[in-house]
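S.K.: Data file target-v2.tsv (TSV, C-alpha atoms and all ligand atoms) is appended below.
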chain	number	residue	atom	x	y	z
A	260	MET	CA	26.93	213.94	-189.01
A	261	LEU	CA	26.45	214.44	-192.74
A	262	ASP	CA	26.92	211.30	-194.74
A	263	PRO	CA	30.12	212.01	-196.70
A	264	THR	CA	28.92	209.87	-199.59
A	265	ARG	CA	25.94	212.19	-200.01
A	266	LEU	CA	27.86	215.40	-199.80
A	267	PRO	CA	28.55	216.73	-203.24
A	268	ARG	CA	32.16	217.48	-203.99
A	269	LEU	CA	32.23	220.52	-201.74
A	270	ARG	CA	35.60	222.10	-202.33
A	271	THR	CA	35.53	224.73	-199.61
A	272	PHE	CA	34.95	224.50	-195.92
A	273	SER	CA	32.54	227.45	-195.94
A	274	ALA	CA	30.22	225.63	-198.40
A	275	CYS	CA	30.32	222.53	-196.21
A	276	ARG	CA	29.69	224.62	-193.08
A	277	ARG	CA	26.59	226.21	-194.64
A	278	ARG	CA	25.28	222.78	-195.59
A	279	PHE	CA	26.03	221.48	-192.10
A	280	HIS	CA	24.14	224.30	-190.37
A	281	SER	CA	21.15	224.05	-192.72
A	282	ALA	CA	21.00	220.29	-192.06
A	283	LEU	CA	20.75	221.13	-188.35
A	284	LEU	CA	17.78	223.40	-189.02
A	285	GLU	CA	16.06	220.60	-190.92
A	286	GLY	CA	16.28	218.53	-187.75
A	287	LEU	CA	18.49	215.71	-186.54
A	288	ALA	CA	17.63	212.06	-186.60
A	289	PRO	CA	17.81	210.82	-183.00
A	290	ALA	CA	21.08	209.20	-181.98
A	291	LEU	CA	20.99	205.45	-181.52
A	292	SER	CA	21.63	204.58	-177.90
A	293	SER	CA	23.69	201.61	-176.82
A	294	ALA	CA	20.38	199.83	-176.13
A	295	HIS	CA	20.20	199.33	-179.91
A	296	PHE	CA	23.39	197.31	-179.93
A	297	LEU	CA	24.14	193.94	-178.50
A	298	SER	CA	26.82	194.09	-175.84
A	299	VAL	CA	29.99	192.23	-176.79
A	300	LYS	CA	29.81	190.57	-173.39
A	301	ALA	CA	26.35	189.21	-174.24
A	302	LEU	CA	27.60	187.33	-177.29
A	303	PRO	CA	27.71	183.66	-176.37
A	304	TRP	CA	30.93	183.08	-178.31
A	305	SER	CA	32.63	186.20	-177.02
A	306	ASP	CA	36.02	185.78	-175.34
A	307	ALA	CA	37.01	187.91	-172.39
A	308	MET	CA	38.23	191.39	-173.35
A	309	PRO	CA	41.98	191.17	-173.89
A	310	ALA	CA	44.17	193.30	-171.63
A	311	PRO	CA	46.35	196.00	-173.24
A	312	ALA	CA	49.48	194.13	-172.15
A	313	GLU	CA	48.49	191.26	-174.46
A	314	PHE	CA	49.08	193.67	-177.36
A	315	GLY	CA	52.38	194.81	-175.87
A	316	LEU	CA	50.81	198.10	-174.74
A	317	ARG	CA	51.43	199.94	-171.47
A	318	THR	CA	48.63	201.71	-169.64
A	319	THR	CA	49.02	205.13	-168.09
A	320	ASP	CA	46.63	207.17	-166.01
A	321	ARG	CA	47.56	210.33	-167.95
A	322	VAL	CA	45.46	209.21	-170.89
A	323	MET	CA	41.75	210.08	-170.76
A	324	GLU	CA	39.39	207.41	-169.53
A	325	ALA	CA	37.73	205.55	-172.39
A	326	GLY	CA	34.20	204.24	-172.86
A	327	GLU	CA	30.66	205.48	-173.22
A	328	GLY	CA	30.26	206.50	-169.57
A	329	ALA	CA	33.44	208.56	-169.60
A	330	ALA	CA	32.42	210.17	-172.91
A	331	ALA	CA	28.99	211.13	-171.55
A	332	ASN	CA	30.66	212.66	-168.47
A	333	ARG	CA	33.11	214.61	-170.65
A	334	LEU	CA	30.28	215.96	-172.81
A	335	GLY	CA	28.18	216.89	-169.75
A	336	ALA	CA	31.06	218.68	-168.03
A	337	PHE	CA	32.04	220.52	-171.22
A	338	VAL	CA	28.51	221.71	-171.97
A	339	GLN	CA	27.97	222.82	-168.41
A	340	ARG	CA	31.30	224.54	-167.73
A	341	ARG	CA	33.11	225.33	-170.96
A	342	LEU	CA	30.78	225.60	-173.93
A	343	GLY	CA	29.59	229.14	-173.16
A	344	GLU	CA	33.18	230.44	-173.25
A	345	TYR	CA	34.39	228.17	-176.03
A	346	ALA	CA	34.71	231.00	-178.56
A	347	THR	CA	36.88	232.97	-176.12
A	348	TYR	CA	39.18	230.24	-174.81
A	349	ARG	CA	39.34	227.60	-177.55
A	350	GLU	CA	42.63	228.98	-178.87
A	351	ASP	CA	44.28	229.13	-175.43
A	352	PRO	CA	46.06	225.82	-174.81
A	353	GLY	CA	46.79	226.74	-171.18
A	354	ALA	CA	43.05	227.03	-170.48
A	355	ASP	CA	42.41	223.48	-171.73
A	356	ALA	CA	38.90	224.65	-172.56
A	357	THR	CA	37.94	222.35	-175.42
A	358	SER	CA	35.73	219.27	-175.13
A	359	ARG	CA	38.38	216.55	-175.57
A	360	LEU	CA	35.73	214.46	-177.28
A	361	SER	CA	37.77	213.73	-180.39
A	362	ALA	CA	38.70	210.17	-179.40
A	363	ASP	CA	35.09	209.47	-178.42
A	364	LEU	CA	33.83	210.80	-181.74
A	365	HIS	CA	36.45	208.76	-183.58
A	366	PHE	CA	35.68	205.48	-181.81
A	367	GLY	CA	31.94	206.08	-181.56
A	368	THR	CA	31.77	206.05	-177.77
A	369	ILE	CA	29.65	209.13	-178.27
A	370	SER	CA	27.46	209.92	-181.23
A	371	VAL	CA	27.98	213.24	-182.93
A	372	ARG	CA	24.20	213.69	-182.82
A	373	THR	CA	24.20	213.35	-179.05
A	374	ALA	CA	26.96	215.97	-178.87
A	375	ILE	CA	25.12	218.38	-181.18
A	376	LEU	CA	21.81	217.97	-179.36
A	377	ALA	CA	23.46	218.65	-175.99
A	378	ALA	CA	24.99	221.85	-177.39
A	379	LEU	CA	21.72	222.99	-178.98
A	380	GLU	CA	19.81	222.32	-175.77
A	381	ALA	CA	22.32	224.38	-173.84
A	382	ALA	CA	21.80	227.24	-176.31
A	383	CYS	CA	18.01	227.03	-175.86
A	384	ASP	CA	18.32	227.04	-172.07
A	385	SER	CA	20.73	229.93	-171.98
A	386	PRO	CA	21.01	232.06	-175.14
A	387	GLN	CA	24.28	233.70	-173.98
A	388	VAL	CA	26.14	230.45	-174.71
A	389	GLY	CA	25.11	230.84	-178.38
A	390	SER	CA	28.44	232.09	-179.74
A	391	GLY	CA	30.27	229.22	-178.05
A	392	VAL	CA	27.79	226.73	-179.49
A	393	SER	CA	28.11	228.14	-182.96
A	394	ARG	CA	31.94	227.97	-182.90
A	395	TRP	CA	31.86	224.46	-181.53
A	396	LEU	CA	29.44	223.29	-184.23
A	397	ASP	CA	31.85	224.77	-186.79
A	398	GLN	CA	34.53	222.42	-185.48
A	399	LEU	CA	32.21	219.48	-185.92
A	400	ALA	CA	31.59	220.74	-189.46
A	401	TRP	CA	35.36	220.58	-190.09
A	402	ARG	CA	35.19	216.93	-189.13
A	403	ASP	CA	32.49	216.33	-191.75
A	404	PHE	CA	34.32	218.38	-194.34
A	405	LEU	CA	37.51	216.35	-193.94
A	406	ALA	CA	35.58	213.06	-193.95
A	407	ALA	CA	33.93	214.14	-197.21
A	408	ALA	CA	37.30	215.21	-198.63
A	409	LEU	CA	38.77	211.79	-197.95
A	410	TRP	CA	35.69	210.06	-199.37
A	411	HIS	CA	35.64	212.00	-202.62
A	412	PHE	CA	39.40	212.29	-203.06
A	413	PRO	CA	40.80	209.09	-201.48
A	414	HIS	CA	44.22	209.69	-203.01
A	415	VAL	CA	44.80	212.39	-200.35
A	416	ALA	CA	45.52	209.55	-197.93
A	417	THR	CA	48.95	209.25	-199.52
A	418	GLN	CA	49.32	212.21	-201.87
A	419	GLU	CA	48.97	215.97	-201.83
A	420	TYR	CA	45.47	217.07	-202.90
A	421	LYS	CA	47.06	219.90	-204.89
A	422	ALA	CA	48.94	218.13	-207.64
A	423	GLY	CA	51.27	221.08	-208.09
A	424	PHE	CA	52.90	220.33	-204.74
A	425	ARG	CA	53.56	216.62	-205.32
A	426	SER	CA	57.08	217.38	-206.42
A	427	LEU	CA	57.98	219.49	-203.39
A	428	PRO	CA	61.51	218.73	-202.24
A	429	TRP	CA	61.99	217.79	-198.56
A	430	PRO	CA	65.60	218.43	-197.58
A	431	GLY	CA	65.03	217.95	-193.80
A	432	THR	CA	67.07	215.42	-191.83
A	433	SER	CA	66.09	212.37	-189.78
A	434	GLY	CA	68.03	213.86	-186.84
A	435	ASP	CA	65.75	216.90	-186.85
A	436	LEU	CA	62.71	214.61	-187.02
A	437	GLN	CA	63.86	212.87	-183.83
A	438	THR	CA	64.52	216.19	-182.08
A	439	TRP	CA	60.99	217.33	-182.98
A	440	LYS	CA	59.45	214.08	-181.75
A	441	GLN	CA	61.27	214.42	-178.44
A	442	GLY	CA	60.18	218.02	-177.90
A	443	MET	CA	63.75	219.33	-177.86
A	444	THR	CA	63.72	221.89	-180.69
A	445	GLY	CA	64.45	224.89	-178.45
A	446	TYR	CA	61.11	226.52	-179.44
A	447	PRO	CA	59.04	226.41	-176.24
A	448	LEU	CA	55.54	226.06	-177.68
A	449	VAL	CA	56.57	223.38	-180.16
A	450	ASP	CA	58.36	221.45	-177.41
A	451	ALA	CA	55.45	221.81	-174.97
A	452	ALA	CA	53.10	220.48	-177.63
A	453	MET	CA	55.28	217.48	-178.45
A	454	ARG	CA	55.74	216.69	-174.76
A	455	GLN	CA	51.98	216.87	-174.17
A	456	LEU	CA	51.66	214.35	-177.00
A	457	GLN	CA	54.21	212.03	-175.36
A	458	ALA	CA	52.54	212.27	-171.96
A	459	GLU	CA	48.82	212.41	-172.69
A	460	HIS	CA	48.66	211.16	-176.28
A	461	PHE	CA	46.56	214.25	-176.96
A	462	MET	CA	47.44	217.72	-178.20
A	463	HIS	CA	45.52	220.99	-178.30
A	464	ASN	CA	44.38	222.00	-181.81
A	465	ARG	CA	46.36	225.26	-181.97
A	466	CYS	CA	49.46	223.37	-180.84
A	467	ARG	CA	48.91	220.69	-183.48
A	468	MET	CA	48.96	223.48	-186.07
A	469	ILE	CA	52.12	225.06	-184.64
A	470	ALA	CA	54.02	221.79	-184.16
A	471	ALA	CA	53.02	220.62	-187.65
A	472	SER	CA	53.95	223.91	-189.27
A	473	PHE	CA	57.35	223.78	-187.57
A	474	LEU	CA	58.07	220.30	-188.93
A	475	VAL	CA	57.08	221.18	-192.48
A	476	LYS	CA	58.12	224.82	-192.86
A	477	ASP	CA	61.02	225.18	-190.40
A	478	LEU	CA	62.57	221.72	-190.60
A	479	HIS	CA	61.50	221.09	-194.23
A	480	LEU	CA	60.39	217.54	-193.51
A	481	ASP	CA	57.70	215.77	-195.50
A	482	TRP	CA	54.33	216.23	-193.77
A	483	ARG	CA	53.77	212.45	-194.03
A	484	HIS	CA	56.47	211.89	-191.36
A	485	GLY	CA	54.51	214.08	-188.95
A	486	GLU	CA	51.19	212.58	-189.96
A	487	ARG	CA	52.53	209.08	-189.25
A	488	HIS	CA	53.95	210.10	-185.88
A	489	PHE	CA	50.68	211.78	-184.81
A	490	MET	CA	48.68	208.77	-185.98
A	491	ARG	CA	50.85	206.47	-183.89
A	492	GLU	CA	50.75	208.65	-180.76
A	493	LEU	CA	47.32	210.33	-180.64
A	494	VAL	CA	44.43	208.64	-178.83
A	495	ASP	CA	42.14	210.38	-181.32
A	496	GLY	CA	44.28	209.42	-184.36
A	497	ASP	CA	41.85	209.60	-187.27
A	498	LEU	CA	42.83	209.26	-190.92
A	499	ALA	CA	40.52	211.99	-192.27
A	500	ASN	CA	41.16	214.58	-189.54
A	501	ASN	CA	44.86	213.91	-189.17
A	502	ASN	CA	45.59	213.82	-192.88
A	503	GLY	CA	43.35	216.88	-193.39
A	504	GLY	CA	45.10	218.74	-190.55
A	505	TRP	CA	48.57	218.01	-191.93
A	506	GLN	CA	47.66	218.88	-195.49
A	507	TRP	CA	45.95	222.05	-194.28
A	508	VAL	CA	49.12	223.14	-192.49
A	509	ALA	CA	51.39	222.08	-195.35
A	510	GLY	CA	49.20	224.10	-197.74
A	511	THR	CA	48.72	221.05	-199.95
A	512	GLY	CA	45.16	220.03	-199.02
A	513	LEU	CA	41.60	220.77	-200.09
A	514	ASP	CA	40.85	224.37	-198.98
A	515	ALA	CA	44.18	224.45	-197.14
A	516	GLN	CA	45.88	227.56	-195.87
A	517	PRO	CA	48.01	229.25	-198.53
A	518	TYR	CA	51.54	227.84	-198.60
A	519	PHE	CA	53.04	231.24	-197.79
A	520	ARG	CA	51.23	231.44	-194.45
A	521	ILE	CA	53.97	230.25	-192.12
A	522	LEU	CA	53.28	230.17	-188.39
A	523	ASN	CA	55.92	231.90	-186.29
A	524	PRO	CA	56.30	229.71	-183.17
A	525	VAL	CA	57.39	232.66	-181.01
A	526	LEU	CA	54.55	235.01	-182.02
A	527	GLN	CA	52.04	232.17	-181.85
A	528	GLY	CA	53.20	231.50	-178.29
A	529	GLU	CA	52.97	235.15	-177.31
A	530	THR	CA	49.45	235.38	-178.78
A	531	HIS	CA	47.95	232.13	-177.57
A	532	ASP	CA	49.92	231.38	-174.41
A	533	PRO	CA	50.87	234.90	-173.25
A	534	THR	CA	51.76	233.98	-169.66
A	535	GLY	CA	53.37	230.72	-170.72
A	536	ALA	CA	50.93	228.62	-168.63
A	537	TYR	CA	50.94	225.83	-171.23
A	538	VAL	CA	54.71	225.93	-171.75
A	539	ARG	CA	55.42	225.86	-168.02
A	540	ARG	CA	53.08	222.86	-167.61
A	541	TRP	CA	54.95	220.74	-170.13
A	542	VAL	CA	58.52	222.09	-170.16
A	543	PRO	CA	59.80	222.06	-166.57
A	544	GLU	CA	63.19	223.55	-167.61
A	545	LEU	CA	61.35	226.80	-168.40
A	546	ARG	CA	59.18	227.11	-165.28
A	547	GLN	CA	61.24	229.89	-163.73
A	548	VAL	CA	61.68	231.93	-166.91
A	549	PRO	CA	59.89	235.34	-166.72
A	550	ASP	CA	56.80	235.76	-168.92
A	551	ARG	CA	58.67	238.17	-171.16
A	552	TYR	CA	61.15	235.51	-172.27
A	553	ILE	CA	59.02	232.41	-171.96
A	554	HIS	CA	58.64	232.05	-175.74
A	555	ARG	CA	62.14	233.33	-176.56
A	556	PRO	CA	64.31	231.99	-173.71
A	557	TRP	CA	67.51	232.50	-175.75
A	558	GLU	CA	67.04	236.27	-175.22
A	559	ALA	CA	66.79	235.99	-171.41
A	560	PRO	CA	69.72	237.58	-169.50
A	561	THR	CA	70.51	234.07	-168.21
A	562	PRO	CA	69.06	231.50	-170.62
A	563	PRO	CA	68.03	228.30	-168.78
A	564	ALA	CA	71.02	225.97	-169.06
A	565	ALA	CA	68.96	222.76	-169.05
A	566	TYR	CA	66.82	223.80	-172.03
A	567	PRO	CA	68.14	223.07	-175.57
A	568	LYS	CA	69.29	225.82	-177.90
A	569	ARG	CA	67.14	226.50	-180.99
A	570	ILE	CA	67.88	223.92	-183.66
A	571	VAL	CA	67.08	226.42	-186.41
A	572	ASP	CA	66.48	230.12	-186.85
A	573	HIS	CA	62.81	230.55	-187.77
A	574	ALA	CA	63.35	233.76	-189.75
A	575	ARG	CA	65.89	232.05	-191.99
A	576	GLU	CA	63.97	228.78	-192.43
A	577	ARG	CA	60.82	230.70	-193.34
A	578	LEU	CA	62.62	232.09	-196.37
A	579	VAL	CA	63.95	228.66	-197.28
A	580	ALA	CA	60.40	227.23	-197.11
A	581	LEU	CA	59.02	230.01	-199.30
A	582	GLU	CA	61.67	229.32	-201.89
A	583	LEU	CA	61.03	225.56	-201.86
A	584	TYR	CA	57.28	226.05	-202.25
A	585	ARG	CA	57.58	228.74	-204.89
A	586	THR	CA	59.45	226.37	-207.15
A	587	CYS	CA	56.32	224.25	-207.62
A	588	ALA	CA	53.42	226.51	-206.58
A	589	ARG	CA	51.46	226.33	-209.79
A	590	ALA	CA	48.36	224.57	-208.43
A	591	PRO	CA	45.35	226.79	-207.57
A	592	LEU	CA	45.50	228.02	-203.97
A	593	GLY	CA	42.13	227.87	-202.17
A	594	ARG	CA	41.14	230.50	-199.62
A	595	SER	CA	40.75	228.91	-196.18
A	596	THR	CA	38.59	229.84	-193.24
A	597	GLN	CA	40.01	227.58	-190.53
A	598	SER	CA	41.45	229.62	-187.68
E	601	LIG	C1	48.07	218.55	-187.77
E	601	LIG	C2	46.71	218.20	-187.19
E	601	LIG	C3	46.40	216.87	-186.92
E	601	LIG	C4	45.14	216.55	-186.39
E	601	LIG	N1	44.86	215.23	-186.13
E	601	LIG	C5	43.63	214.88	-185.68
E	601	LIG	C6	43.30	213.52	-185.44
E	601	LIG	O1	44.08	212.60	-185.68
E	601	LIG	N2	42.06	213.25	-184.94
E	601	LIG	C7	41.14	214.23	-184.67
E	601	LIG	O2	40.03	213.92	-184.22
E	601	LIG	N3	41.43	215.53	-184.91
E	601	LIG	C8	42.64	215.88	-185.39
E	601	LIG	N4	42.93	217.21	-185.61
E	601	LIG	C9	41.87	218.21	-185.41
E	601	LIG	C10	41.81	218.83	-183.99
E	601	LIG	O3	43.08	219.25	-183.60
E	601	LIG	C11	41.25	217.88	-182.93
E	601	LIG	O4	40.04	217.32	-183.39
E	601	LIG	C12	40.96	218.63	-181.64
E	601	LIG	O5	42.13	219.23	-181.15
E	601	LIG	C13	40.43	217.64	-180.61
E	601	LIG	O6	40.21	218.31	-179.39
E	601	LIG	P1	38.75	218.48	-178.82
E	601	LIG	O7	38.00	217.21	-178.91
E	601	LIG	O8	38.91	219.08	-177.46
E	601	LIG	O9	38.14	219.51	-179.84
E	601	LIG	P2	36.91	220.60	-179.78
E	601	LIG	O10	37.53	221.90	-179.96
E	601	LIG	O11	36.11	220.38	-178.54
E	601	LIG	O12	36.09	220.24	-181.07
E	601	LIG	C14	35.00	219.30	-181.06
E	601	LIG	C15	35.24	218.23	-182.10
E	601	LIG	O13	35.26	218.78	-183.40
E	601	LIG	C16	36.19	218.05	-184.22
E	601	LIG	N5	37.25	218.96	-184.64
E	601	LIG	C17	37.76	220.03	-183.95
E	601	LIG	N6	38.69	220.67	-184.67
E	601	LIG	C18	38.79	219.99	-185.84
E	601	LIG	C19	39.59	220.14	-187.00
E	601	LIG	N7	40.46	221.16	-187.14
E	601	LIG	N8	39.46	219.24	-188.01
E	601	LIG	C20	38.57	218.23	-187.91
E	601	LIG	N9	37.77	218.03	-186.84
E	601	LIG	C21	37.89	218.89	-185.81
E	601	LIG	C22	36.76	216.94	-183.36
E	601	LIG	O14	35.99	215.76	-183.57
E	601	LIG	C23	36.55	217.50	-181.95
E	601	LIG	O15	36.47	216.49	-180.96
E	601	LIG	C24	44.18	217.57	-186.14
E	601	LIG	C25	44.51	218.90	-186.41
E	601	LIG	C26	45.76	219.21	-186.94
E	601	LIG	C27	46.08	220.65	-187.22
Show me the file's structure as structure tokens.
Ligand SMILES: Cc1cc2nc3c(=O)[nH]c(=O)nc-3n(C[C@H](O)[C@H](O)[C@H](O)COP(=O)(O)OP(=O)(O)OC[C@H]3O[C@@H](n4cnc5c(N)ncnc54)[C@H](O)[C@@H]3O)c2cc1C
M.R.:
Amino acid sequence: MLDPTRLPRLRTFSACRRRFHSALLEGLAPALSSAHFLSVKALPWSDAMPAPAEFGLRTTDRVMEAGEGAAANRLGAFVQRRLGEYATYREDPGADATSRLSADLHFGTISVRTAILAALEAACDSPQVGSGVSRWLDQLAWRDFLAAALWHFPHVATQEYKAGFRSLPWPGTSGDLQTWKQGMTGYPLVDAAMRQLQAEHFMHNRCRMIAASFLVKDLHLDWRHGERHFMRELVDGDLANNNGGWQWVAGTGLDAQPYFRILNPVLQGETHDPTGAYVRRWVPELRQVPDRYIHRPWEAPTPPAAYPKRIVDHARERLVALELYRTCARAPLGRSTQS
């Protein structure tokens, strides 16, 4: 919503968030509707729209419907049914309670102004949705922050923002990278996330953080491998958001989380997917596992035979990651407010 070229070099998300919210108070320019644009079909020289198969692509009905109409329906349904409870359920991947508008915002099939106005109108009509609206607008502010970061510091597209981490060693193996991509690491939430990505070409935000953290801090693989894989697979693949997300997790980005914050995939599962609803949806081998063991199936009296054993021990790899980072952690570490 904010023009990244006009944002000063805001180095923290909280400064950008304040600017974002004050811009909202100043009033939004109206969104341009599609009536302002000439339809491709109306162009006299326009060829017929090519079919996906002509690009060697397969179609699947598990991917969200694309286009302006579908985006407007998604926004309407989200504002009506989910926005009020967004602050409560946004971190629960089993609830699937977020807007799923990221691909629309990336491709422009919905304008961010239209999305903001719909949320603000909902807050005016029913003040109890206010906390949900405020949290949701914060997410849109992250999008602007990361766009501004890429604009002002374009080298982040290929390099760590924090120069001190550019010499980080990455001793991970290509075999482990494949296991992670296939969702076969033996850590249920990581595997569920990677299988959602394979099936829907979408992944819940909390799961993106957990899967990314696992690749970088448990498997010690360069975040660029994960970034590339996400970019190839996600329907909402977006250079600024994807790069910003990976660098945030790796602790190398602008206002990233501190490098020593390492997500524990078991505790994250128990906190954000306590009944295992999300894991059971995506990892059929674990459907019958009792809630108590759903995020640590190796401790079950009879571990499910069809599910892979853990490829690494998180407690051990956490220490290895800390050691690797400490060797070159001389760059300033920004405080981060992303949850
Ligand atoms: C490792 C990693 C990779 C990511 N890759 C992408 C990507 O390629 N494309 C992408 O759009 N988002 C990416 N994100 C951000 C976020 O995960 C998605 O935007 C969000 O999950 C999309 O779901 P939603 O539309 O239901 O979000 P909602 O929760 O409904 O949020 C509304 C909108 O705000 C924006 N937004 C939400 N969270 C973030 C965030 N953390 N950073 C920036 N913008 C955000 C998105 O445009 C989103 O559609 C990534 C995050 C991480 C941690």
S.K.: Tell me, counting only C-alpha atoms and all ligand atoms, for each residue of chain A within 8 Å of ligand LIG 601 (chain E), which pair of atoms is nearest and how far apart they are in Å to one decimal, in rows ordered by chain and increasing number, as a tab-separated table.
M.R.:
residue	atom	partner	partner_atom	distance
A:Arg349	CA	E:LIG601	O10	6.4
A:Ala356	CA	E:LIG601	O8	7.4
A:Thr357	CA	E:LIG601	O8	4.0
A:Ser358	CA	E:LIG601	O11	3.6
A:Arg359	CA	E:LIG601	O8	3.2
A:Leu360	CA	E:LIG601	O7	3.9
A:Ser361	CA	E:LIG601	O15	3.1
A:Ala362	CA	E:LIG601	O2	6.3
A:Asp363	CA	E:LIG601	O15	7.6
A:Leu364	CA	E:LIG601	O14	5.7
A:His365	CA	E:LIG601	O2	6.3
A:Trp395	CA	E:LIG601	O12	6.0
A:Leu396	CA	E:LIG601	O13	7.4
A:Asp397	CA	E:LIG601	O13	7.7
A:Gln398	CA	E:LIG601	O13	4.3
A:Leu399	CA	E:LIG601	O13	4.0
A:Ala400	CA	E:LIG601	N9	7.2
A:Trp401	CA	E:LIG601	C20	4.5
A:Arg402	CA	E:LIG601	N9	3.6
A:Asp403	CA	E:LIG601	N9	7.4
A:Phe404	CA	E:LIG601	C20	7.7
A:Leu405	CA	E:LIG601	C20	6.4
A:Phe461	CA	E:LIG601	O5	7.9
A:Met462	CA	E:LIG601	O5	6.3
A:His463	CA	E:LIG601	O5	4.8
A:Asn464	CA	E:LIG601	O3	3.5
A:Arg465	CA	E:LIG601	C27	7.0
A:Cys466	CA	E:LIG601	C27	7.7
A:Arg467	CA	E:LIG601	C27	4.7
A:Met468	CA	E:LIG601	C27	4.2
A:Ile469	CA	E:LIG601	C27	7.9
A:Ala470	CA	E:LIG601	C1	7.7
A:Ala471	CA	E:LIG601	C1	5.4
A:Gly485	CA	E:LIG601	C1	7.9
A:Glu486	CA	E:LIG601	C1	7.1
A:Phe489	CA	E:LIG601	O1	6.7
A:Met490	CA	E:LIG601	O1	6.0
A:Leu493	CA	E:LIG601	O1	6.4
A:Val494	CA	E:LIG601	O1	7.9
A:Asp495	CA	E:LIG601	N2	4.6
A:Gly496	CA	E:LIG601	O1	3.4
A:Asp497	CA	E:LIG601	O1	4.1
A:Leu498	CA	E:LIG601	O1	6.3
A:Ala499	CA	E:LIG601	O1	7.5
A:Asn500	CA	E:LIG601	C5	4.6
A:Asn501	CA	E:LIG601	N1	3.3
A:Asn502	CA	E:LIG601	C3	6.7
A:Gly503	CA	E:LIG601	N8	7.0
A:Gly504	CA	E:LIG601	C26	3.7
A:Trp505	CA	E:LIG601	C1	4.2
A:Gln506	CA	E:LIG601	C1	7.7
A:Trp507	CA	E:LIG601	C27	7.2
A:Val508	CA	E:LIG601	C27	6.6
A:Gln597	CA	E:LIG601	N7	7.3
S.K.: How many Å separate atom CA of Pro543 of chain A from atom CA of Glu350 of chain A?
M.R.: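 Atom-to-atom, atom CA of Pro543 of chain A and atom CA of Glu350 of chain A are spaced 22.2 Å apart.
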S.K.: From the options A:Pro352, A:Trp541, A:Glu419, A:Phe366, which residue's atoms come nearest to Gly326 of chain A, counting all atoms listed in the file?
M.R.: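 The closest residue to Gly326 of chain A is A:Phe366.
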S.K.: Using all atoms listed in the file, what table do you get, as JSON lines, when you list each residue of segment 410-445 of chain A with an atom no more than 10 Å from segment 267-285 of chain A, its nearest pair of atoms, and their distance in Å rounded to one decimal, rows by chain then rising number?
M.R.:
{"residue": "A:Trp410", "atom": "CA", "partner": "A:Arg268", "partner_atom": "CA", "distance": 9.4}
{"residue": "A:His411", "atom": "CA", "partner": "A:Arg268", "partner_atom": "CA", "distance": 6.6}
{"residue": "A:Phe412", "atom": "CA", "partner": "A:Arg268", "partner_atom": "CA", "distance": 9.0}
S.K.: Neighbours of Thr318 of chain A within 12 Å (all atoms listed in the file; same-chain residues fewer than 6 positions away dropped), as a compact mmCIF listing (two decimals) with C-alpha atoms, keeping the file's coordinate frame?
M.R.:
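Ended up saving to part.txt:
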# COMPACT_ATOMS: atom_id res chain seq x y z
CA ALA A 310 44.17 193.30 -171.63
CA PRO A 311 46.35 196.00 -173.24
CA ALA A 312 49.48 194.13 -172.15
CA GLU A 324 39.39 207.41 -169.53
CA ALA A 325 37.73 205.55 -172.39
CA ALA A 458 52.54 212.27 -171.96
CA GLU A 459 48.82 212.41 -172.69
CA HIS A 460 48.66 211.16 -176.28
S.K.: Given the choices A:Ala408, A:Ala588, A:Ala381, A:Ala416, which gets closest to Tyr518 of chain A if the distance is worked out from all atoms listed in the file?
M.R.: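 Answer, going by the shortest atom-to-atom distance: A:Ala588.
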S.K.: Using only C-alpha atoms for the distances, tell me which of A:Ala565, A:Ala331, A:Glu529, A:Gln516 is nearest to Ser370 of chain A.
M.R.: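 Of all the options, A:Ala331 lies closest to Ser370 of chain A.
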S.K.: As an MDAnalysis selection string, please: the residues near Pro560 of chain A (cut-off 12 Å, all atoms listed in the file, same-chain neighbours under 6 positions excluded).
M.R.: chainID A and resid 548:549 551:552
S.K.: What would segment 532-539 of chain A look like with N, CA and C atoms in place, written as a PDB file, keeping the file's coordinate frame?
M.R.:
ATOM      1  N   ASP A 532      49.519 231.856-175.751  1.00  0.00           N
ATOM      2  CA  ASP A 532      49.920 231.380-174.410  1.00  0.00           C
ATOM      3  C   ASP A 532      50.722 232.515-173.752  1.00  0.00           C
ATOM      4  N   PRO A 533      50.097 233.699-173.598  1.00  0.00           N
ATOM      5  CA  PRO A 533      50.870 234.900-173.250  1.00  0.00           C
ATOM      6  C   PRO A 533      51.606 234.797-171.905  1.00  0.00           C
ATOM      7  N   THR A 534      51.046 234.089-170.944  1.00  0.00           N
ATOM      8  CA  THR A 534      51.760 233.980-169.660  1.00  0.00           C
ATOM      9  C   THR A 534      52.627 232.728-169.621  1.00  0.00           C
ATOM     10  N   GLY A 535      52.548 231.932-170.669  1.00  0.00           N
ATOM     11  CA  GLY A 535      53.370 230.720-170.720  1.00  0.00           C
ATOM     12  C   GLY A 535      52.808 229.591-169.852  1.00  0.00           C
ATOM     13  N   ALA A 536      51.512 229.653-169.505  1.00  0.00           N
ATOM     14  CA  ALA A 536      50.930 228.620-168.630  1.00  0.00           C
ATOM     15  C   ALA A 536      51.103 227.219-169.250  1.00  0.00           C
ATOM     16  N   TYR A 537      50.855 227.140-170.554  1.00  0.00           N
ATOM     17  CA  TYR A 537      50.940 225.830-171.230  1.00  0.00           C
ATOM     18  C   TYR A 537      52.398 225.367-171.299  1.00  0.00           C
ATOM     19  N   VAL A 538      53.289 226.295-171.651  1.00  0.00           N
ATOM     20  CA  VAL A 538      54.710 225.930-171.750  1.00  0.00           C
ATOM     21  C   VAL A 538      55.238 225.488-170.389  1.00  0.00           C
ATOM     22  N   ARG A 539      54.906 226.231-169.354  1.00  0.00           N
ATOM     23  CA  ARG A 539      55.420 225.860-168.020  1.00  0.00           C
ATOM     24  C   ARG A 539      54.897 224.493-167.580  1.00  0.00           C
TER      25      ARG A 539
END
